[in-house]
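Dumped structure_31.cif below, it's mmCIF, C-alpha atoms:
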data_structure
#
loop_
_atom_site.group_PDB
_atom_site.id
_atom_site.type_symbol
_atom_site.label_atom_id
_atom_site.label_comp_id
_atom_site.auth_asym_id
_atom_site.auth_seq_id
_atom_site.Cartn_x
_atom_site.Cartn_y
_atom_site.Cartn_z
ATOM 1 C CA MET A 1 0.671 29.656 -41.332
ATOM 2 C CA GLU A 2 -2.111 27.179 -40.521
ATOM 3 C CA TYR A 3 -3.588 24.336 -42.565
ATOM 4 C CA SER A 4 -6.999 22.925 -41.816
ATOM 5 C CA MET A 5 -9.436 20.258 -42.917
ATOM 6 C CA ASN A 6 -12.759 19.351 -41.315
ATOM 7 C CA LYS A 7 -11.941 21.703 -38.424
ATOM 8 C CA ILE A 8 -8.689 19.814 -37.663
ATOM 9 C CA LYS A 9 -5.768 22.234 -37.522
ATOM 10 C CA ILE A 10 -2.005 22.121 -37.292
ATOM 11 C CA ASP A 11 -0.552 24.928 -35.195
ATOM 12 C CA GLN A 12 2.692 26.767 -35.885
ATOM 13 C CA SER A 13 4.726 24.778 -33.361
ATOM 14 C CA VAL A 14 3.988 21.588 -35.311
ATOM 15 C CA LEU A 15 4.694 23.227 -38.653
ATOM 16 C CA ASN A 16 8.104 24.243 -37.341
ATOM 17 C CA LYS A 17 8.852 20.542 -36.835
ATOM 18 C CA ILE A 18 8.017 19.543 -40.423
ATOM 19 C CA ARG A 19 11.005 18.491 -42.505
ATOM 20 C CA CYS A 20 11.687 17.474 -46.077
ATOM 21 C CA PRO A 21 10.947 13.715 -46.268
ATOM 22 C CA SER A 22 13.922 13.248 -48.587
ATOM 23 C CA CYS A 23 16.773 14.984 -46.726
ATOM 24 C CA LYS A 24 15.158 15.925 -43.361
ATOM 25 C CA GLU A 25 16.068 19.617 -43.781
ATOM 26 C CA LYS A 26 13.690 22.495 -43.022
ATOM 27 C CA ILE A 27 11.082 23.542 -45.551
ATOM 28 C CA LYS A 28 9.163 26.746 -46.200
ATOM 29 C CA LYS A 29 5.833 27.624 -47.795
ATOM 30 C CA LEU A 30 6.012 29.230 -51.218
ATOM 31 C CA ASN A 31 2.612 29.977 -52.768
ATOM 32 C CA SER A 32 0.740 26.629 -52.950
ATOM 33 C CA LYS A 33 3.709 24.414 -52.277
ATOM 34 C CA LEU A 34 6.408 23.615 -49.740
ATOM 35 C CA VAL A 35 10.053 23.954 -50.731
ATOM 36 C CA CYS A 36 13.075 22.266 -49.133
ATOM 37 C CA LEU A 37 15.668 24.791 -47.947
ATOM 38 C CA ASN A 38 18.564 22.418 -48.606
ATOM 39 C CA LYS A 39 20.359 23.831 -51.662
ATOM 40 C CA LYS A 40 21.382 20.339 -52.756
ATOM 41 C CA CYS A 41 17.832 19.008 -52.476
ATOM 42 C CA LYS A 42 15.371 21.825 -53.281
ATOM 43 C CA LYS A 43 12.486 19.360 -53.637
ATOM 44 C CA THR A 44 8.978 20.781 -53.690
ATOM 45 C CA TYR A 45 5.757 19.371 -52.247
ATOM 46 C CA PRO A 46 2.225 20.463 -53.190
ATOM 47 C CA ILE A 47 -0.492 21.627 -50.824
ATOM 48 C CA ILE A 48 -3.894 20.240 -51.874
ATOM 49 C CA ASP A 49 -7.061 21.479 -50.154
ATOM 50 C CA GLY A 50 -4.845 22.848 -47.395
ATOM 51 C CA ILE A 51 -3.102 19.502 -46.831
ATOM 52 C CA PRO A 52 0.693 19.264 -47.263
ATOM 53 C CA ILE A 53 1.515 16.328 -49.562
ATOM 54 C CA LEU A 54 4.934 15.341 -48.198
ATOM 55 C CA LEU A 55 5.736 12.376 -50.433
ATOM 56 C CA ASP A 56 9.155 11.857 -51.974
ATOM 57 C CA LYS A 57 8.510 10.812 -55.596
ATOM 58 C CA ASP A 58 11.926 9.130 -55.796
ATOM 59 C CA LYS A 59 11.371 6.872 -52.785
ATOM 60 C CA SER A 60 7.647 6.411 -52.180
ATOM 61 C CA LEU A 61 5.248 4.011 -53.925
ATOM 62 C CA PHE A 62 2.548 6.656 -53.813
ATOM 63 C CA ARG A 63 1.814 9.605 -56.070
ATOM 64 C CA VAL A 64 -0.679 12.284 -55.147
ATOM 65 C CA SER A 65 -1.981 14.999 -57.462
ATOM 66 C CA LYS A 66 -5.066 17.204 -57.506
ATOM 67 C CA SER A 67 -6.874 14.707 -59.730
ATOM 68 C CA ASN A 68 -6.110 11.490 -57.838
ATOM 69 C CA TYR A 69 -5.370 12.376 -54.217
ATOM 70 C CA LYS A 70 -8.312 10.321 -52.937
ATOM 71 C CA LYS A 71 -7.623 7.258 -55.081
ATOM 72 C CA GLU A 72 -4.480 5.874 -53.441
ATOM 73 C CA SER A 73 -6.239 4.519 -50.362
ATOM 74 C CA PHE A 74 -7.819 1.064 -50.537
ATOM 75 C CA PHE A 75 -9.887 1.174 -47.335
ATOM 76 C CA TYR A 76 -11.678 4.468 -47.325
ATOM 77 C CA GLU A 77 -13.546 4.632 -50.618
ATOM 78 C CA PRO A 78 -17.282 4.710 -49.743
ATOM 79 C CA SER A 79 -19.603 2.658 -51.926
ATOM 80 C CA LYS A 80 -21.994 4.629 -54.156
ATOM 81 C CA ASN A 81 -24.293 1.619 -54.472
ATOM 82 C CA LEU A 82 -27.092 2.058 -51.909
ATOM 83 C CA PHE A 83 -27.941 -1.653 -51.888
ATOM 84 C CA LYS A 84 -24.318 -2.633 -51.186
ATOM 85 C CA THR A 85 -24.146 0.002 -48.455
ATOM 86 C CA PHE A 86 -27.289 -1.426 -46.845
ATOM 87 C CA ILE A 87 -25.952 -4.993 -47.028
ATOM 88 C CA ARG A 88 -22.701 -3.913 -45.371
ATOM 89 C CA LYS A 89 -24.631 -2.296 -42.536
ATOM 90 C CA ILE A 90 -26.662 -5.406 -41.730
ATOM 91 C CA THR A 91 -23.813 -7.895 -42.218
ATOM 92 C CA PRO A 92 -22.079 -8.948 -38.973
ATOM 93 C CA THR A 93 -18.327 -8.475 -38.826
ATOM 94 C CA ILE A 94 -15.938 -11.369 -38.293
ATOM 95 C CA SER A 95 -13.354 -9.074 -36.689
ATOM 96 C CA LEU A 96 -13.076 -8.450 -32.958
ATOM 97 C CA ASN A 97 -10.360 -6.385 -31.268
ATOM 98 C CA LEU A 98 -10.447 -7.289 -27.576
ATOM 99 C CA LYS A 99 -7.460 -5.280 -26.356
ATOM 100 C CA ALA A 100 -7.223 -1.956 -28.206
ATOM 101 C CA GLU A 101 -9.431 0.092 -25.890
ATOM 102 C CA GLU A 102 -7.636 -1.204 -22.799
ATOM 103 C CA ASN A 103 -4.223 -0.666 -24.440
ATOM 104 C CA TYR A 104 -5.044 2.890 -25.468
ATOM 105 C CA LYS A 105 -6.077 3.635 -21.902
ATOM 106 C CA MET A 106 -2.663 2.392 -20.727
ATOM 107 C CA PHE A 107 -0.971 4.353 -23.547
ATOM 108 C CA SER A 108 -2.659 7.608 -22.498
ATOM 109 C CA LYS A 109 -1.896 7.074 -18.806
ATOM 110 C CA ALA A 110 1.780 6.486 -19.564
ATOM 111 C CA LEU A 111 1.895 9.726 -21.569
ATOM 112 C CA LEU A 112 -0.047 11.923 -19.148
ATOM 113 C CA LYS A 113 1.832 10.634 -16.131
ATOM 114 C CA GLU A 114 4.963 12.542 -17.193
ATOM 115 C CA ILE A 115 3.730 15.169 -19.680
ATOM 116 C CA LYS A 116 0.847 17.615 -19.234
ATOM 117 C CA LYS A 117 0.154 18.106 -22.941
ATOM 118 C CA PRO A 118 1.746 15.281 -24.949
ATOM 119 C CA ARG A 119 1.858 15.348 -28.733
ATOM 120 C CA VAL A 120 1.049 12.098 -30.538
ATOM 121 C CA LEU A 121 1.609 11.186 -34.183
ATOM 122 C CA VAL A 122 -0.944 8.795 -35.693
ATOM 123 C CA VAL A 123 0.476 6.939 -38.692
ATOM 124 C CA GLY A 124 -2.340 5.804 -40.987
ATOM 125 C CA GLY A 125 -4.842 8.124 -39.337
ATOM 126 C CA SER A 126 -7.284 9.113 -42.057
ATOM 127 C CA ILE A 127 -9.905 7.004 -40.252
ATOM 128 C CA VAL A 128 -10.379 6.257 -36.566
ATOM 129 C CA GLY A 129 -8.837 2.910 -35.632
ATOM 130 C CA SER A 130 -10.449 0.277 -33.429
ATOM 131 C CA GLY A 131 -10.643 1.465 -29.817
ATOM 132 C CA MET A 132 -9.286 4.942 -30.546
ATOM 133 C CA ASN A 133 -12.466 6.837 -29.710
ATOM 134 C CA ARG A 134 -11.627 6.490 -26.022
ATOM 135 C CA LEU A 135 -8.198 7.972 -26.672
ATOM 136 C CA PHE A 136 -9.599 11.042 -28.432
ATOM 137 C CA MET A 137 -11.576 11.874 -25.288
ATOM 138 C CA TYR A 138 -8.371 13.127 -23.628
ATOM 139 C CA GLU A 139 -8.368 16.859 -24.364
ATOM 140 C CA ASN A 140 -4.792 17.303 -23.126
ATOM 141 C CA ILE A 141 -3.383 15.054 -25.854
ATOM 142 C CA GLU A 142 -2.653 16.698 -29.206
ATOM 143 C CA PHE A 143 -2.976 14.378 -32.208
ATOM 144 C CA ILE A 144 -1.279 14.847 -35.578
ATOM 145 C CA GLU A 145 -2.810 12.369 -38.003
ATOM 146 C CA THR A 146 -1.117 11.280 -41.211
ATOM 147 C CA ASP A 147 -1.830 8.881 -44.057
ATOM 148 C CA ILE A 148 -0.815 8.187 -47.650
ATOM 149 C CA SER A 149 -3.956 9.858 -49.052
ATOM 150 C CA ILE A 150 -6.337 12.577 -47.920
ATOM 151 C CA GLY A 151 -9.065 11.199 -45.674
ATOM 152 C CA ASP A 152 -11.638 12.576 -43.279
ATOM 153 C CA ARG A 153 -9.166 13.246 -40.467
ATOM 154 C CA ASN A 154 -5.524 13.406 -41.449
ATOM 155 C CA GLN A 155 -3.811 16.782 -41.681
ATOM 156 C CA ILE A 156 -0.729 15.573 -43.570
ATOM 157 C CA VAL A 157 -0.103 13.102 -46.378
ATOM 158 C CA CYS A 158 3.201 11.255 -46.001
ATOM 159 C CA ASP A 159 4.885 7.869 -46.274
ATOM 160 C CA SER A 160 5.870 6.137 -43.021
ATOM 161 C CA HIS A 161 9.211 5.172 -44.604
ATOM 162 C CA GLN A 162 10.106 8.890 -44.649
ATOM 163 C CA ILE A 163 8.251 10.573 -41.792
ATOM 164 C CA PRO A 164 8.561 14.333 -42.472
ATOM 165 C CA PHE A 165 9.312 15.539 -38.953
ATOM 166 C CA ALA A 166 12.426 16.553 -37.056
ATOM 167 C CA ASP A 167 14.128 14.235 -34.583
ATOM 168 C CA GLU A 168 12.403 13.924 -31.201
ATOM 169 C CA SER A 169 9.246 15.792 -32.236
ATOM 170 C CA PHE A 170 6.634 13.567 -30.556
ATOM 171 C CA ASP A 171 5.857 12.122 -27.148
ATOM 172 C CA GLY A 172 3.939 9.200 -28.615
ATOM 173 C CA VAL A 173 3.300 7.375 -31.895
ATOM 174 C CA ILE A 174 0.372 5.150 -32.872
ATOM 175 C CA ILE A 175 0.695 2.811 -35.852
ATOM 176 C CA GLN A 176 -2.370 0.554 -35.915
ATOM 177 C CA ALA A 177 -2.866 -1.922 -38.781
ATOM 178 C CA VAL A 178 -0.255 -0.193 -40.947
ATOM 179 C CA LEU A 179 3.012 -2.155 -40.795
ATOM 180 C CA GLU A 180 1.574 -4.993 -42.876
ATOM 181 C CA HIS A 181 1.175 -2.464 -45.713
ATOM 182 C CA VAL A 182 4.730 -1.113 -45.814
ATOM 183 C CA LEU A 183 7.624 -2.442 -47.880
ATOM 184 C CA ASP A 184 10.245 -1.990 -45.185
ATOM 185 C CA PRO A 185 8.757 -2.215 -41.669
ATOM 186 C CA GLN A 186 12.201 -1.994 -40.039
ATOM 187 C CA LEU A 187 12.794 1.357 -41.717
ATOM 188 C CA CYS A 188 9.372 2.585 -40.585
ATOM 189 C CA VAL A 189 10.048 1.595 -36.975
ATOM 190 C CA LYS A 190 13.481 3.232 -37.198
ATOM 191 C CA GLU A 191 11.722 6.433 -38.298
ATOM 192 C CA ILE A 192 9.307 6.142 -35.373
ATOM 193 C CA HIS A 193 12.243 5.733 -32.999
ATOM 194 C CA ARG A 194 13.898 8.824 -34.523
ATOM 195 C CA ILE A 195 10.925 11.184 -34.161
ATOM 196 C CA LEU A 196 10.053 10.060 -30.632
ATOM 197 C CA LYS A 197 11.401 12.066 -27.722
ATOM 198 C CA LYS A 198 13.432 10.435 -24.966
ATOM 199 C CA ASN A 199 11.273 7.773 -23.278
ATOM 200 C CA GLY A 200 8.554 8.318 -25.909
ATOM 201 C CA ILE A 201 5.752 5.741 -26.184
ATOM 202 C CA VAL A 202 4.804 3.676 -29.236
ATOM 203 C CA TYR A 203 1.672 1.583 -29.761
ATOM 204 C CA ALA A 204 1.452 -0.797 -32.712
ATOM 205 C CA GLU A 205 -1.004 -3.426 -33.945
ATOM 206 C CA THR A 206 -0.126 -5.774 -36.802
ATOM 207 C CA PRO A 207 -1.810 -8.903 -38.245
ATOM 208 C CA PHE A 208 -0.403 -12.398 -37.745
ATOM 209 C CA MET A 209 -2.782 -15.183 -38.874
ATOM 210 C CA GLN A 210 -4.754 -13.106 -41.342
ATOM 211 C CA GLN A 211 -5.149 -13.267 -45.107
ATOM 212 C CA VAL A 212 -4.298 -10.526 -47.589
ATOM 213 C CA HIS A 213 -6.676 -7.607 -47.145
ATOM 214 C CA GLY A 214 -4.895 -4.815 -48.986
ATOM 215 C CA GLY A 215 -4.400 -6.382 -52.407
ATOM 216 C CA LYS A 216 -1.164 -5.161 -53.934
ATOM 217 C CA TYR A 217 -0.436 -3.052 -50.838
ATOM 218 C CA ASP A 218 -0.227 -5.956 -48.379
ATOM 219 C CA PHE A 219 3.326 -7.182 -47.671
ATOM 220 C CA GLN A 220 3.984 -8.349 -44.099
ATOM 221 C CA ARG A 221 2.877 -10.619 -41.224
ATOM 222 C CA PHE A 222 4.556 -11.058 -37.827
ATOM 223 C CA SER A 223 4.566 -13.641 -35.063
ATOM 224 C CA LEU A 224 4.810 -12.320 -31.501
ATOM 225 C CA LEU A 225 8.608 -12.693 -31.453
ATOM 226 C CA GLY A 226 8.871 -11.247 -34.958
ATOM 227 C CA HIS A 227 6.845 -8.242 -33.848
ATOM 228 C CA ARG A 228 8.970 -7.881 -30.703
ATOM 229 C CA ARG A 229 12.176 -7.960 -32.766
ATOM 230 C CA LEU A 230 10.781 -5.231 -35.000
ATOM 231 C CA PHE A 231 10.546 -3.044 -31.884
ATOM 232 C CA ARG A 232 13.785 -4.322 -30.381
ATOM 233 C CA CYS A 233 15.033 -0.774 -29.620
ATOM 234 C CA PHE A 234 12.039 -0.210 -27.340
ATOM 235 C CA THR A 235 11.428 -1.404 -23.795
ATOM 236 C CA CYS A 236 8.270 -3.518 -23.718
ATOM 237 C CA ILE A 237 5.479 -2.256 -21.469
ATOM 238 C CA ARG A 238 2.986 -4.797 -22.713
ATOM 239 C CA ASP A 239 2.468 -7.043 -25.743
ATOM 240 C CA GLY A 240 0.173 -9.860 -26.818
ATOM 241 C CA ALA A 241 -2.820 -10.702 -28.988
ATOM 242 C CA VAL A 242 -5.589 -8.273 -29.959
ATOM 243 C CA GLY A 243 -7.520 -10.747 -32.112
ATOM 244 C CA GLY A 244 -7.564 -14.426 -31.231
ATOM 245 C CA PRO A 245 -7.758 -17.841 -32.933
ATOM 246 C CA GLY A 246 -11.544 -17.587 -33.348
ATOM 247 C CA MET A 247 -11.186 -14.480 -35.483
ATOM 248 C CA ALA A 248 -8.307 -16.103 -37.400
ATOM 249 C CA LEU A 249 -10.508 -19.139 -38.139
ATOM 250 C CA ALA A 250 -13.329 -16.925 -39.407
ATOM 251 C CA TRP A 251 -10.919 -15.137 -41.743
ATOM 252 C CA SER A 252 -9.598 -18.478 -43.007
ATOM 253 C CA LEU A 253 -13.108 -19.733 -43.754
ATOM 254 C CA LYS A 254 -13.940 -16.538 -45.647
ATOM 255 C CA TYR A 255 -10.841 -16.763 -47.832
ATOM 256 C CA PHE A 256 -11.279 -20.517 -48.313
ATOM 257 C CA LEU A 257 -14.662 -19.819 -49.915
ATOM 258 C CA LEU A 258 -13.400 -16.819 -51.890
ATOM 259 C CA SER A 259 -10.575 -18.872 -53.389
ATOM 260 C CA PHE A 260 -13.054 -20.884 -55.511
ATOM 261 C CA THR A 261 -13.874 -18.071 -57.944
ATOM 262 C CA LYS A 262 -12.737 -14.843 -59.590
ATOM 263 C CA SER A 263 -16.263 -13.660 -60.371
ATOM 264 C CA LYS A 264 -16.932 -10.332 -58.606
ATOM 265 C CA LYS A 265 -20.622 -11.102 -58.171
ATOM 266 C CA ILE A 266 -20.024 -14.555 -56.724
ATOM 267 C CA ARG A 267 -17.214 -13.251 -54.508
ATOM 268 C CA THR A 268 -19.487 -10.510 -53.177
ATOM 269 C CA PHE A 269 -22.089 -13.136 -52.293
ATOM 270 C CA LEU A 270 -19.506 -15.468 -50.703
ATOM 271 C CA ASP A 271 -17.974 -12.591 -48.760
ATOM 272 C CA THR A 272 -21.329 -11.739 -47.181
ATOM 273 C CA PHE A 273 -22.348 -15.386 -46.776
ATOM 274 C CA SER A 274 -19.120 -16.242 -44.949
ATOM 275 C CA ASP A 275 -19.630 -13.355 -42.524
ATOM 276 C CA PHE A 276 -23.096 -14.637 -41.583
ATOM 277 C CA ILE A 277 -21.995 -18.243 -41.040
ATOM 278 C CA SER A 278 -18.707 -17.550 -39.222
ATOM 279 C CA PHE A 279 -19.052 -14.320 -37.234
ATOM 280 C CA GLY A 280 -19.823 -16.318 -34.083
ATOM 281 C CA LEU A 281 -16.327 -17.840 -34.072
ATOM 282 C CA LYS A 282 -14.822 -14.575 -32.830
ATOM 283 C CA TYR A 283 -16.705 -14.899 -29.527
ATOM 284 C CA PHE A 284 -14.506 -17.849 -28.566
ATOM 285 C CA ASP A 285 -11.744 -15.277 -28.257
ATOM 286 C CA PHE A 286 -13.263 -13.841 -25.085
ATOM 287 C CA TYR A 287 -12.172 -17.130 -23.493
ATOM 288 C CA LEU A 288 -8.997 -17.746 -25.541
ATOM 289 C CA ILE A 289 -7.371 -14.317 -25.892
ATOM 290 C CA ASN A 290 -5.181 -14.518 -22.770
ATOM 291 C CA LYS A 291 -4.198 -18.160 -23.114
ATOM 292 C CA PRO A 292 -0.581 -18.931 -24.156
ATOM 293 C CA GLY A 293 -1.716 -21.005 -27.121
ATOM 294 C CA SER A 294 -3.475 -17.982 -28.602
ATOM 295 C CA LEU A 295 -0.136 -16.271 -29.174
ATOM 296 C CA ASP A 296 0.737 -18.947 -31.742
ATOM 297 C CA ALA A 297 -2.617 -18.632 -33.514
ATOM 298 C CA ALA A 298 -3.643 -14.987 -33.009
ATOM 299 C CA SER A 299 -5.278 -13.035 -35.794
ATOM 300 C CA GLY A 300 -3.432 -9.890 -34.727
ATOM 301 C CA LEU A 301 -0.823 -8.753 -32.208
ATOM 302 C CA PHE A 302 0.047 -5.549 -30.355
ATOM 303 C CA PHE A 303 3.136 -3.930 -28.878
ATOM 304 C CA LEU A 304 3.189 -1.094 -26.350
ATOM 305 C CA GLY A 305 6.674 0.121 -25.580
ATOM 306 C CA ARG A 306 8.977 2.959 -24.580
ATOM 307 C CA LYS A 307 11.894 4.313 -26.619
ATOM 308 C CA SER A 308 15.224 2.980 -25.405
ATOM 309 C CA LYS A 309 18.910 3.513 -26.135
ATOM 310 C CA ILE A 310 19.528 -0.208 -25.701
ATOM 311 C CA CYS A 311 18.360 -2.683 -28.346
ATOM 312 C CA LEU A 312 17.225 -6.194 -27.484
ATOM 313 C CA LYS A 313 19.682 -8.931 -28.507
ATOM 314 C CA ASP A 314 18.417 -11.850 -30.587
ATOM 315 C CA VAL A 315 19.746 -14.353 -28.052
ATOM 316 C CA ASP A 316 17.520 -12.712 -25.443
ATOM 317 C CA LEU A 317 14.597 -12.437 -27.854
ATOM 318 C CA ILE A 318 14.114 -16.188 -28.247
ATOM 319 C CA LYS A 319 13.992 -16.588 -24.462
ATOM 320 C CA MET A 320 10.790 -14.503 -24.520
ATOM 321 C CA TYR A 321 8.676 -17.109 -26.332
ATOM 322 C CA ARG A 322 5.438 -17.551 -24.358
ATOM 323 C CA GLY A 323 3.403 -19.808 -26.650
ATOM 324 C CA THR A 324 2.805 -23.574 -26.432
ATOM 325 C CA ASN A 325 4.238 -24.731 -29.767
ATOM 326 C CA PHE A 326 7.249 -26.709 -28.536
#

Whole structure given in C-alpha cells:
Amino acid sequence: MEYSMNKIKIDQSVLNKIRCPSCKEKIKKLNSKLVCLNKKCKKTYPIIDGIPILLDKDKSLFRVSKSNYKKESFFYEPSKNLFKTFIRKITPTISLNLKAEENYKMFSKALLKEIKKPRVLVVGGSIVGSGMNRLFMYENIEFIETDISIGDRNQIVCDSHQIPFADESFDGVIIQAVLEHVLDPQLCVKEIHRILKKNGIVYAETPFMQQVHGGKYDFQRFSLLGHRRLFRCFTCIRDGAVGGPGMALAWSLKYFLLSFTKSKKIRTFLDTFSDFISFGLKYFDFYLINKPGSLDAASGLFFLGRKSKICLKDVDLIKMYRGTNF
C-alpha cells in the first residue's frame, strides 16, 4: 500500500506507524478510506487524491471533504489576479529569517551523527519553510510532511493536536511557524514528545513581537522563556531569535497603517506601500540579532532541543532569562 502526490511517497514502514488520531490504535485501508481497528472507536478517515485525511471530527477545528480540501489553508491559496501576482513579485518583503538555515544545518548534523537514515516529521509542511531547502539536500534524511489541508508537498493531512503516529516513530520533528496557529500548544508539544524516539530532536520557530497573520486561526505568541517552558521536557541545544527588532518594527508599521481602514482596496494599497517604505528596517537585524536586548523585542524565536525524561522546573526556568529588561 503506497500513497503518492507530486512524486512524494510514503513507504510501507511509515504506513505501519500510522494510528487513529482519536484513540491511537492501528488502522487499515478499506476501499477509499482508513478504518480504526479499535472496536470501541471504529472511526473512518477518507483518502482524497491518494492523501490520508486523518482528522478527528470530534476534536479538530478542521473539516476536509472532496469539495473543500484545499480551502482550509490560509497561506497557500495562489492569487488568480495576474496584476496582484505581479505586484507581489516586485514588492520587497519585510520579513527576514537570519537563523533558520544555520539552525537546520545544526539539526541535520545532530540527527546524522547518531543515525544513518533518520526519519523526520514536518508539521505544517505543505510548503517549504524558510531555510529548509538546505535541509532537503540531505538524501539520507526521510521527510514525512503533514498539514491541515492538501498542499504541494504534504503526504498526510492531520491536526498537530492529534498526531496520527505511534509512539517513538520519528528521529526528528520540525514545527516552523505553526504553534501560533494551534489552540493548545502544550498538547501539540506533548504529542511531539510522544512520537519522538529516545533522544529525538525537535526544531521549532514561533512568533513573538508579530501581529496577527492568520486571521481567525492565529492564537498564540511566546517570549523566549515562554517558548522554553513550552519545550520544558526537552534539553536545549540552542535557542534565540530568528527575526529581530527591525523586522518587528516593520510589522508594527504595516499594521499601524492597516488599522485605519476596513476597505479591501485601501488595505491592499497600504499593505504594499508599507512594504516599500519599511523593508529596510529588517537589515538592522544583521547587527542586532545576537544582542541580548533583541530577545525582548524579537519578531520570532526558535528552539532546538533533544527529547528528555526530565522536565525543566519553573524555578530554574526564570534563571535562564538573558534579555536586558530588568

Got a sec: who's within 9 Å of Val189 of chain A, counting only C-alpha atoms, leaving out chain neighbours fewer than 6 positions off, as a PyMOL selection string? chain A and resi 160-161+179+230-231

Suppose we keep C-alpha atoms; can you now write the selection as a tab-separated table (two decimals), in the frame of the given file?
chain	number	residue	atom	x	y	z
A	160	SER	CA	5.87	6.14	-43.02
A	161	HIS	CA	9.21	5.17	-44.60
A	179	LEU	CA	3.01	-2.15	-40.80
A	230	LEU	CA	10.78	-5.23	-35.00
A	231	PHE	CA	10.55	-3.04	-31.88

Hey, what comes out of the PyMOL selection byres ((chain A and resi 171-178) around 6) on this file? Could you write it as a PyMOL selection string? chain A and resi 118-123+170+179-181+196-197+200-206

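Comparing the minimum interatomic distances between Glu102 of chain A and each of A:Asn81, A:Ser60, A:Asn133, A:Asn154, counting only C-alpha atoms, we find that A:Asn133 sits nearest.
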
Which residue gives the smallest distance to His213 of chain A among A:Ser126, A:Ser252, A:Thr261, A:Ser278, with all atoms listed in the file counted? A:Ser252

Starting from the displayed file, determine the output of the PyMOL selection byres ((chain A and resi 293-310) around 8) and express the residue list as a PyMOL selection string. chain A and resi 103+107+193+196-210+223-224+227-228+233-245+247-248+288-292+311-312+322-325

Name the residues, using the chain letters and numbers of the file, that sit within 10 Å of (-13.8, -18.8, -48.5) when counting all atoms listed in the file, and give them as a ChimeraX atom specification. /A:250-261,267,270-271,273-275

Please expand the PyMOL selection byres ((chain A and resi 148) around 7) into the concrete residues it hits in this file, giving the result as number ranges by chain. A: 147, 149, 157-159

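Interatomic distance, atom CA of Arg232 of chain A to atom CA of Phe143 of chain A: 25.2 Å.
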
Taking the point (9.8, 23.6, -39.6) as given in the file, collect each protein or nucleic acid residue that comes within 12 Å of it, counting only C-alpha atoms, and present the set as a VMD selection string. chain A and resid 1 11 to 21 24 to 29 34 to 37 164 to 167 169
